[in-house]
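Student: Supplied in structure tokens, the structure appears directly below.
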Amino acid sequence: MITINENYLKLQASYLFSNIAKRVTAFQQANPDKEIIRLGIGDVTRALPAACITAFHKAVDEMGSDPSFRGYGPEQGYDFLREAIAKNDFQARGAEISADEIFISDGAKCDTGNIQELFTQDIKVAIPDPVYPVYLDTNVMAGRTGNFVDGRYQGLVYLDSTKANNYVPALPTQDVDLIYLCFPNNPTGSTITKEELSQWVQYAKEKKALILFDAAYEAFIRDASLPHSIYEIDGAREVAIEFRSYSKSAGFTGTRCAYTVVPKECMAFDSKGNRQSLHSLWNRRHCTKFNGVSYPVQRAAEAIYSEEGQAQTRELIASYMRNADLIRQEMASLGYDFVGGENAPYIWIDAKGDSWEFFDMLLNKAGVVCTPGAGFGKCGEGYIRLSAFNSYANVVKAMSRLRETLK
Ligand code: MLT
């Protein structure tokens, strides 16, 4: 008899963004004439940078002729891309990361979800609340939690991120082994300073713990004092894995390209207490379960680092941040309390009431889709998240509808 992994039965009925999509589709079917503006899921709306398109076309042409055709590429990614990343994203900021410590993949969602496979079931996992649901759900699937009771899974250590701590969680009071951090943060849009991040690195060193640092939104940082990478912090190479993505920074949500950095010094321990290289383990996993990102996509990603690519992605990001500025301005003038949107494309707003009710109200009355904070965890109750990913014209329209609805 085939039996199931019953941990799946502990999960909430559906993934947050699928749940929202279902509600929006139902609303659209019931109101076919109503134009909906989506400021919910963080999905980009603007075209890929021209430099990426040119490189993409060229690579497709190479695939169309026998002498330049490429079959399986290296599972870890082509050297041309890994070298461009090491040089531009890390060495240029004084972070000593080499090309062979970078693993190209098809998304930070997959990588942050898959990485937990490397660890035993009985480790203590610390997860922020509110949180990007992937970190949580994949640990539930792996059996690292008990049941979902009163809005939380038993057995996890939740790191509350609230207004009281400026949305940067305090160090846990009990020992933990695996720590998820995401800055600039999804969903709150908050940021972490170098000093605060240093405390986490120090903690991980003392406890022989590991930090999984999701930096998918680093390109949106405007404050020059903030760290873009955890490897800007001394000692982080030993205790941190970092995730990056081109989805939001260069419009690759539909194109798929991201990467994970696993420094060679980064270690975890076997049952005898011996140090084991996470670089070797991740490499083994990657080679076994992944066959690389397609050649044209990697060429398109490489083009981000060209002079034109840099200028074009800067313009892309600035256009979304202009939307974020407008949302912040409007929410302030409507008297709402919020955080984020200064160094991140998300604005986290105190809804002054139930977050799903607020979601339904905005959808029904204004035709605007947001993300209810409760979907990101217990501490998200009472909040909603607005995403800056849309056209300026749509954000202007959405804000005017919000003004009508909320005034
Ligand atoms: C979000 O809206 O939180 C993100 O778009 C989800 C993702 O990147 O998977």
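Residues in the structure tokens are numbered from 1 in each chain, the chains being A, B, ... in the order shown, and ligands are numbered from 1 in the order shown.
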For the contact check between chain A and ligand 1, emit one row per residue of chain A within 10 Å, containing the shortest atom pair and the distance in Å rounded to one decimal, counting only C-alpha atoms and all ligand atoms, chain then rising number order, as a Markdown table.
Tutor:
| residue | atom | partner | partner_atom_place_in_ligand_line | distance |
| --- | --- | --- | --- | --- |
| A:Leu16 | CA | ligand 1 | 3 (O) | 9.2 |
| A:Phe17 | CA | ligand 1 | 2 (O) | 7.4 |
| A:Leu39 | CA | ligand 1 | 2 (O) | 9.1 |
| A:Gly40 | CA | ligand 1 | 2 (O) | 6.5 |
| A:Ile41 | CA | ligand 1 | 2 (O) | 3.6 |
| A:Gly42 | CA | ligand 1 | 2 (O) | 3.5 |
| A:Asp43 | CA | ligand 1 | 5 (O) | 5.3 |
| A:Val44 | CA | ligand 1 | 5 (O) | 8.4 |
| A:Gly107 | CA | ligand 1 | 9 (O) | 8.5 |
| A:Ala108 | CA | ligand 1 | 8 (O) | 7.6 |
| A:Lys109 | CA | ligand 1 | 9 (O) | 5.6 |
| A:Cys110 | CA | ligand 1 | 9 (O) | 8.9 |
| A:Val131 | CA | ligand 1 | 3 (O) | 9.1 |
| A:Tyr132 | CA | ligand 1 | 3 (O) | 6.2 |
| A:Pro133 | CA | ligand 1 | 3 (O) | 8.3 |
| A:Val134 | CA | ligand 1 | 9 (O) | 7.9 |
| A:Asn185 | CA | ligand 1 | 3 (O) | 9.8 |
| A:Asn186 | CA | ligand 1 | 3 (O) | 6.1 |
| A:Pro187 | CA | ligand 1 | 3 (O) | 6.4 |
| A:Ala216 | CA | ligand 1 | 8 (O) | 8.3 |
| A:Tyr217 | CA | ligand 1 | 8 (O) | 9.7 |
| A:Ser245 | CA | ligand 1 | 8 (O) | 9.0 |
| A:Ser247 | CA | ligand 1 | 8 (O) | 7.6 |
| A:Lys248 | CA | ligand 1 | 8 (O) | 8.0 |
| A:Thr253 | CA | ligand 1 | 8 (O) | 7.9 |
| A:Pro345 | CA | ligand 1 | 2 (O) | 9.9 |
| A:Tyr346 | CA | ligand 1 | 2 (O) | 8.8 |
| A:Cys370 | CA | ligand 1 | 2 (O) | 9.8 |
| A:Thr371 | CA | ligand 1 | 2 (O) | 8.0 |
| A:Phe376 | CA | ligand 1 | 3 (O) | 9.1 |
| A:Arg385 | CA | ligand 1 | 2 (O) | 9.1 |
| A:Leu386 | CA | ligand 1 | 2 (O) | 9.3 |
| A:Ser387 | CA | ligand 1 | 2 (O) | 7.5 |
| A:Phe389 | CA | ligand 1 | 5 (O) | 9.4 |
Student: Those same residues, written as a short mmCIF file (atom, residue, chain, number, x, y, z; two decimals), in the first residue's frame with N, CA, C and O atoms?
Tutor:
data_model
loop_
_atom_site.label_atom_id
_atom_site.label_comp_id
_atom_site.auth_asym_id
_atom_site.auth_seq_id
_atom_site.Cartn_x
_atom_site.Cartn_y
_atom_site.Cartn_z
N LEU A 16 -0.13 30.42 0.34
CA LEU A 16 -0.72 31.75 0.47
C LEU A 16 -1.09 32.38 -0.87
O LEU A 16 -2.22 32.82 -1.08
N PHE A 17 -0.12 32.41 -1.80
CA PHE A 17 -0.38 33.15 -3.04
C PHE A 17 -1.35 32.41 -3.97
O PHE A 17 -2.02 33.02 -4.79
N LEU A 39 -1.56 44.51 -6.51
CA LEU A 39 -0.42 44.92 -5.69
C LEU A 39 -0.23 43.85 -4.61
O LEU A 39 0.15 44.14 -3.49
N GLY A 40 -0.55 42.62 -4.98
CA GLY A 40 -0.47 41.50 -4.05
C GLY A 40 0.87 40.80 -4.19
O GLY A 40 1.89 41.28 -3.67
N ILE A 41 0.90 39.68 -4.91
CA ILE A 41 2.15 38.94 -5.07
C ILE A 41 3.21 39.84 -5.71
O ILE A 41 2.89 40.68 -6.56
N GLY A 42 4.43 39.70 -5.26
CA GLY A 42 5.51 40.53 -5.79
C GLY A 42 5.95 40.03 -7.14
O GLY A 42 7.02 39.42 -7.25
N ASP A 43 5.11 40.27 -8.15
CA ASP A 43 5.50 39.83 -9.49
C ASP A 43 5.74 41.05 -10.37
O ASP A 43 4.89 41.94 -10.45
N VAL A 44 6.89 41.07 -11.03
CA VAL A 44 7.27 42.23 -11.83
C VAL A 44 6.37 42.37 -13.05
O VAL A 44 5.78 41.39 -13.52
N GLY A 107 15.73 29.58 -9.12
CA GLY A 107 14.95 30.44 -8.24
C GLY A 107 15.36 30.36 -6.79
O GLY A 107 15.77 29.30 -6.30
N ALA A 108 15.24 31.49 -6.10
CA ALA A 108 15.54 31.50 -4.67
C ALA A 108 14.44 30.79 -3.88
O ALA A 108 14.68 30.28 -2.79
N LYS A 109 13.24 30.74 -4.46
CA LYS A 109 12.17 29.99 -3.79
C LYS A 109 12.57 28.52 -3.69
O LYS A 109 12.48 27.90 -2.63
N CYS A 110 13.03 27.96 -4.82
CA CYS A 110 13.43 26.54 -4.83
C CYS A 110 14.62 26.33 -3.89
O CYS A 110 14.64 25.38 -3.11
N VAL A 131 6.72 35.91 7.93
CA VAL A 131 7.77 35.28 7.14
C VAL A 131 7.28 34.90 5.74
O VAL A 131 6.08 34.64 5.54
N TYR A 132 8.20 34.87 4.80
CA TYR A 132 7.95 34.31 3.47
C TYR A 132 7.60 32.83 3.70
O TYR A 132 8.41 32.08 4.27
N PRO A 133 6.40 32.39 3.30
CA PRO A 133 5.89 31.09 3.75
C PRO A 133 6.73 29.87 3.34
O PRO A 133 6.60 28.81 3.95
N VAL A 134 7.59 30.01 2.36
CA VAL A 134 8.37 28.87 1.86
C VAL A 134 9.28 28.28 2.95
O VAL A 134 9.41 27.06 3.07
N ASN A 185 13.47 42.90 4.02
CA ASN A 185 12.55 41.83 4.39
C ASN A 185 11.32 41.72 3.49
O ASN A 185 10.73 42.70 3.08
N ASN A 186 11.01 40.48 3.21
CA ASN A 186 9.71 40.13 2.68
C ASN A 186 9.01 39.40 3.83
O ASN A 186 9.55 38.40 4.30
N PRO A 187 7.90 39.88 4.34
CA PRO A 187 6.99 40.85 3.76
C PRO A 187 7.08 42.30 4.27
O PRO A 187 6.44 43.17 3.70
N ALA A 216 17.19 38.35 -1.55
CA ALA A 216 16.54 38.48 -2.86
C ALA A 216 16.20 39.93 -3.21
O ALA A 216 16.03 40.27 -4.38
N TYR A 217 16.10 40.79 -2.19
CA TYR A 217 15.67 42.17 -2.45
C TYR A 217 16.80 43.19 -2.25
O TYR A 217 16.54 44.38 -2.14
N SER A 245 18.49 36.47 -6.18
CA SER A 245 17.58 36.19 -7.28
C SER A 245 17.58 37.34 -8.27
O SER A 245 17.72 38.49 -7.87
N SER A 247 14.90 37.69 -10.09
CA SER A 247 13.47 37.84 -10.34
C SER A 247 13.00 39.27 -10.20
O SER A 247 12.31 39.80 -11.07
N LYS A 248 13.34 39.88 -9.09
CA LYS A 248 12.83 41.21 -8.81
C LYS A 248 13.80 42.28 -9.29
O LYS A 248 13.40 43.36 -9.68
N THR A 253 11.14 37.02 -13.11
CA THR A 253 10.20 36.08 -12.46
C THR A 253 9.73 34.99 -13.43
O THR A 253 9.56 33.84 -13.03
N PRO A 345 10.73 46.77 -2.04
CA PRO A 345 9.53 47.03 -2.85
C PRO A 345 8.22 46.73 -2.14
O PRO A 345 7.18 46.69 -2.78
N TYR A 346 8.28 46.43 -0.85
CA TYR A 346 7.06 46.11 -0.10
C TYR A 346 6.80 47.15 0.98
O TYR A 346 7.74 47.62 1.63
N CYS A 370 -4.21 43.20 -2.41
CA CYS A 370 -3.05 43.32 -1.51
C CYS A 370 -2.74 41.92 -0.99
O CYS A 370 -3.35 40.95 -1.43
N THR A 371 -1.81 41.79 -0.09
CA THR A 371 -1.58 40.49 0.55
C THR A 371 -1.90 40.66 2.04
O THR A 371 -1.33 41.55 2.70
N PHE A 376 1.26 35.64 6.40
CA PHE A 376 2.70 35.51 6.64
C PHE A 376 3.01 35.12 8.07
O PHE A 376 4.17 35.06 8.46
N ARG A 385 0.15 43.80 3.16
CA ARG A 385 1.35 44.17 2.41
C ARG A 385 0.94 44.68 1.03
O ARG A 385 0.14 44.04 0.35
N LEU A 386 1.46 45.85 0.65
CA LEU A 386 1.28 46.31 -0.73
C LEU A 386 2.61 46.18 -1.45
O LEU A 386 3.67 46.52 -0.89
N SER A 387 2.55 45.69 -2.67
CA SER A 387 3.77 45.53 -3.46
C SER A 387 3.88 46.68 -4.44
O SER A 387 2.87 47.19 -4.95
N PHE A 389 5.31 46.46 -7.29
CA PHE A 389 5.52 45.94 -8.64
C PHE A 389 4.27 46.10 -9.50
O PHE A 389 3.36 45.26 -9.49
#
Student: Show me, as a CSV table (one decimal) with N, CA, C and O atoms, in the first residue's frame, the residues that have an atom within 7 Å of segment 45-48 of chain A when counting only C-alpha atoms, minus same-chain residues fewer than 6 positions from it.
Tutor:
chain,number,residue,atom,x,y,z
A,250,ALA,N,15.9,42.2,-11.9
A,250,ALA,CA,16.0,42.4,-13.4
A,250,ALA,C,14.8,41.8,-14.1
A,250,ALA,O,14.9,41.6,-15.3
A,251,GLY,N,13.7,41.6,-13.4
A,251,GLY,CA,12.5,41.2,-14.1
A,251,GLY,C,12.5,39.7,-14.5
A,251,GLY,O,11.8,39.4,-15.5
A,389,PHE,N,5.3,46.5,-7.3
A,389,PHE,CA,5.5,45.9,-8.6
A,389,PHE,C,4.3,46.1,-9.5
A,389,PHE,O,3.4,45.3,-9.5
A,390,ASN,N,4.2,47.2,-10.2
A,390,ASN,CA,3.2,47.4,-11.2
A,390,ASN,C,3.6,48.7,-12.0
A,390,ASN,O,4.7,49.2,-11.7
A,391,SER,N,2.8,49.1,-12.9
A,391,SER,CA,3.2,50.3,-13.7
A,391,SER,C,2.8,51.5,-12.8
A,391,SER,O,2.0,51.4,-11.9
Student: According to DSSP computed on the backbone, where in segment 57-272 of chain A is there strand (DSSP E)? Give the residues as a PyMOL selection string.
Tutor: chain A and resi 102-105+125-129+148-149+152-153+157-160+178-182+210-214+240-245+258-261+267-269
Student: Next, the residues of the selection above should be written as a PDB file, in the first residue's frame with C-alpha atoms.
Tutor:
ATOM      1  CA  ILE A 102      28.214  30.199  -6.368  1.00  0.00           C
ATOM      2  CA  PHE A 103      25.508  27.781  -7.492  1.00  0.00           C
ATOM      3  CA  ILE A 104      23.225  29.031 -10.271  1.00  0.00           C
ATOM      4  CA  SER A 105      19.628  27.866 -10.021  1.00  0.00           C
ATOM      5  CA  VAL A 125      14.688  25.859  13.522  1.00  0.00           C
ATOM      6  CA  ALA A 126      14.172  29.589  14.102  1.00  0.00           C
ATOM      7  CA  ILE A 127      11.788  31.285  11.711  1.00  0.00           C
ATOM      8  CA  PRO A 128      10.784  34.944  11.705  1.00  0.00           C
ATOM      9  CA  ASP A 129       7.139  35.887  12.063  1.00  0.00           C
ATOM     10  CA  PHE A 148      -0.523  23.846  13.652  1.00  0.00           C
ATOM     11  CA  VAL A 149      -2.025  25.052  16.914  1.00  0.00           C
ATOM     12  CA  ARG A 152       1.698  28.412  14.930  1.00  0.00           C
ATOM     13  CA  TYR A 153       3.479  25.115  14.328  1.00  0.00           C
ATOM     14  CA  VAL A 157      11.177  28.858  17.496  1.00  0.00           C
ATOM     15  CA  TYR A 158       9.383  31.918  16.159  1.00  0.00           C
ATOM     16  CA  LEU A 159      11.296  35.175  15.901  1.00  0.00           C
ATOM     17  CA  ASP A 160       8.703  37.901  16.343  1.00  0.00           C
ATOM     18  CA  LEU A 178      19.119  26.865  11.836  1.00  0.00           C
ATOM     19  CA  ILE A 179      18.106  30.510  11.462  1.00  0.00           C
ATOM     20  CA  TYR A 180      16.233  32.062   8.542  1.00  0.00           C
ATOM     21  CA  LEU A 181      16.770  35.776   7.974  1.00  0.00           C
ATOM     22  CA  CYS A 182      15.567  37.871   5.038  1.00  0.00           C
ATOM     23  CA  LEU A 210      23.771  28.232  10.510  1.00  0.00           C
ATOM     24  CA  ILE A 211      22.112  31.348   9.070  1.00  0.00           C
ATOM     25  CA  LEU A 212      20.166  31.100   5.824  1.00  0.00           C
ATOM     26  CA  PHE A 213      20.258  34.685   4.578  1.00  0.00           C
ATOM     27  CA  ASP A 214      17.742  35.553   1.871  1.00  0.00           C
ATOM     28  CA  ALA A 240      25.979  31.650   6.527  1.00  0.00           C
ATOM     29  CA  ILE A 241      24.509  30.633   3.191  1.00  0.00           C
ATOM     30  CA  GLU A 242      23.093  33.437   1.048  1.00  0.00           C
ATOM     31  CA  PHE A 243      20.325  33.381  -1.549  1.00  0.00           C
ATOM     32  CA  ARG A 244      19.967  35.870  -4.384  1.00  0.00           C
ATOM     33  CA  SER A 245      17.584  36.187  -7.282  1.00  0.00           C
ATOM     34  CA  ALA A 258      18.899  32.908  -9.220  1.00  0.00           C
ATOM     35  CA  TYR A 259      21.881  31.735  -7.225  1.00  0.00           C
ATOM     36  CA  THR A 260      22.966  30.458  -3.831  1.00  0.00           C
ATOM     37  CA  VAL A 261      26.320  31.147  -2.218  1.00  0.00           C
ATOM     38  CA  MET A 267      30.381  23.812   8.021  1.00  0.00           C
ATOM     39  CA  ALA A 268      27.750  21.732   9.732  1.00  0.00           C
ATOM     40  CA  PHE A 269      28.317  18.737  11.994  1.00  0.00           C
TER      41      PHE A 269
END
Student: Under the rule that only C-alpha atoms are counted, which of A:Val24, A:Ala30, A:Leu402, A:Leu278 is the nearest residue to Ile115 of chain A?
Tutor: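 Checking each of A:Val24, A:Ala30, A:Leu402, A:Leu278 against Ile115 of chain A, counting only C-alpha atoms, the winner is A:Leu278.
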Student: Which is closest to Lys163 of chain A among A:Pro296, A:Leu334, A:Pro130, A:Ala26, if we use only C-alpha atoms?
Tutor: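 Checking each of A:Pro296, A:Leu334, A:Pro130, A:Ala26 against Lys163 of chain A, counting only C-alpha atoms, the winner is A:Pro130.
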Student: Near Ser294 of chain A, counting only C-alpha atoms, which residues have an atom at most 9 Å away, once you skip same-chain residues fewer than 4 positions from it, shown as a list in words?
Tutor: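 Answer for this query is Tyr72, Gly73, Gln298 and Arg299 of chain A.
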Student: Any chance you can output those residues with N, CA, C and O atoms as an mmCIF file, in the first residue's frame?
Tutor:
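As written to disk, out.cif reads:
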data_model
loop_
_atom_site.group_PDB
_atom_site.id
_atom_site.type_symbol
_atom_site.label_atom_id
_atom_site.label_comp_id
_atom_site.auth_asym_id
_atom_site.auth_seq_id
_atom_site.Cartn_x
_atom_site.Cartn_y
_atom_site.Cartn_z
ATOM 1 N N TYR A 72 23.915 19.673 -22.167
ATOM 2 C CA TYR A 72 23.964 19.878 -20.710
ATOM 3 C C TYR A 72 25.092 20.847 -20.366
ATOM 4 O O TYR A 72 26.213 20.698 -20.838
ATOM 5 N N GLY A 73 24.757 21.796 -19.505
ATOM 6 C CA GLY A 73 25.820 22.684 -19.024
ATOM 7 C C GLY A 73 26.272 22.187 -17.663
ATOM 8 O O GLY A 73 25.730 21.202 -17.144
ATOM 9 N N GLN A 298 21.163 31.939 -18.801
ATOM 10 C CA GLN A 298 22.395 32.342 -18.099
ATOM 11 C C GLN A 298 23.107 33.466 -18.849
ATOM 12 O O GLN A 298 23.700 34.351 -18.240
ATOM 13 N N ARG A 299 23.043 33.428 -20.183
ATOM 14 C CA ARG A 299 23.635 34.539 -20.957
ATOM 15 C C ARG A 299 22.853 35.830 -20.690
ATOM 16 O O ARG A 299 23.445 36.903 -20.552
#
Student: With distances taken over only C-alpha atoms, which of A:Gly353, A:Gly143, A:Pro227, A:Gly367 is nearest to Thr120 of chain A?
Tutor: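 Using only C-alpha atoms, Thr120 of chain A sits closest to A:Gly143.
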Student: Counting only C-alpha atoms, which of A:Ala344, A:Ala366, A:Ala21, A:Ala215 gets nearest to Ile317 of chain A?
Tutor: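 Closest candidate: A:Ala344.
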Student: Rounded to one decimal place, report the atom CA of Ala51 of chain A-atom CA of Gly309 of chain A distance in Å.
Tutor: 5.2 Å
Student: Name the residues in contact with Phe358 of chain A at a cut-off of 10 Å, using only C-alpha atoms, excluding same-chain residues fewer than 4 positions from it; report them as a list in words.
Tutor: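 In the requested form, the answer reads Ala351, Lys352, Gly353, Asp354, Leu362, Leu363, Asn364, Cys370, Thr371, Pro372, Gly373, Gly382, Tyr383 and Ile384 of chain A.
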Student: Write the residues of the selection above to a file with C-alpha atoms, as a PDB file, in the first residue's frame.
Tutor:
ATOM      1  CA  ALA A 351      -4.739  47.748   8.613  1.00  0.00           C
ATOM      2  CA  LYS A 352      -6.299  48.757  11.928  1.00  0.00           C
ATOM      3  CA  GLY A 353      -8.278  45.518  11.937  1.00  0.00           C
ATOM      4  CA  ASP A 354      -8.495  41.953  10.574  1.00  0.00           C
ATOM      5  CA  LEU A 362      -9.985  46.392  -0.857  1.00  0.00           C
ATOM      6  CA  LEU A 363     -10.753  43.788  -3.505  1.00  0.00           C
ATOM      7  CA  ASN A 364     -14.515  44.276  -3.438  1.00  0.00           C
ATOM      8  CA  CYS A 370      -3.052  43.324  -1.513  1.00  0.00           C
ATOM      9  CA  THR A 371      -1.584  40.493   0.554  1.00  0.00           C
ATOM     10  CA  PRO A 372      -3.151  39.967   3.983  1.00  0.00           C
ATOM     11  CA  GLY A 373      -0.469  40.036   6.660  1.00  0.00           C
ATOM     12  CA  GLY A 382      -3.812  43.213  11.528  1.00  0.00           C
ATOM     13  CA  TYR A 383      -1.468  44.154   8.667  1.00  0.00           C
ATOM     14  CA  ILE A 384      -1.516  44.065   4.887  1.00  0.00           C
TER      15      ILE A 384
END
Student: Could you check which of A:Asn165, A:Asn343, A:Gln310, A:Thr188 is closest to Ser225 of chain A, using only C-alpha atoms?
Tutor: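 Answer, going by the shortest atom-to-atom distance: A:Asn343.
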Student: How would you write, as a ChimeraX atom specification, the set of residues in segment 260-305 of chain A that DSSP gives as helix (DSSP H, G or I)?
Tutor: /A:278-289,295-305
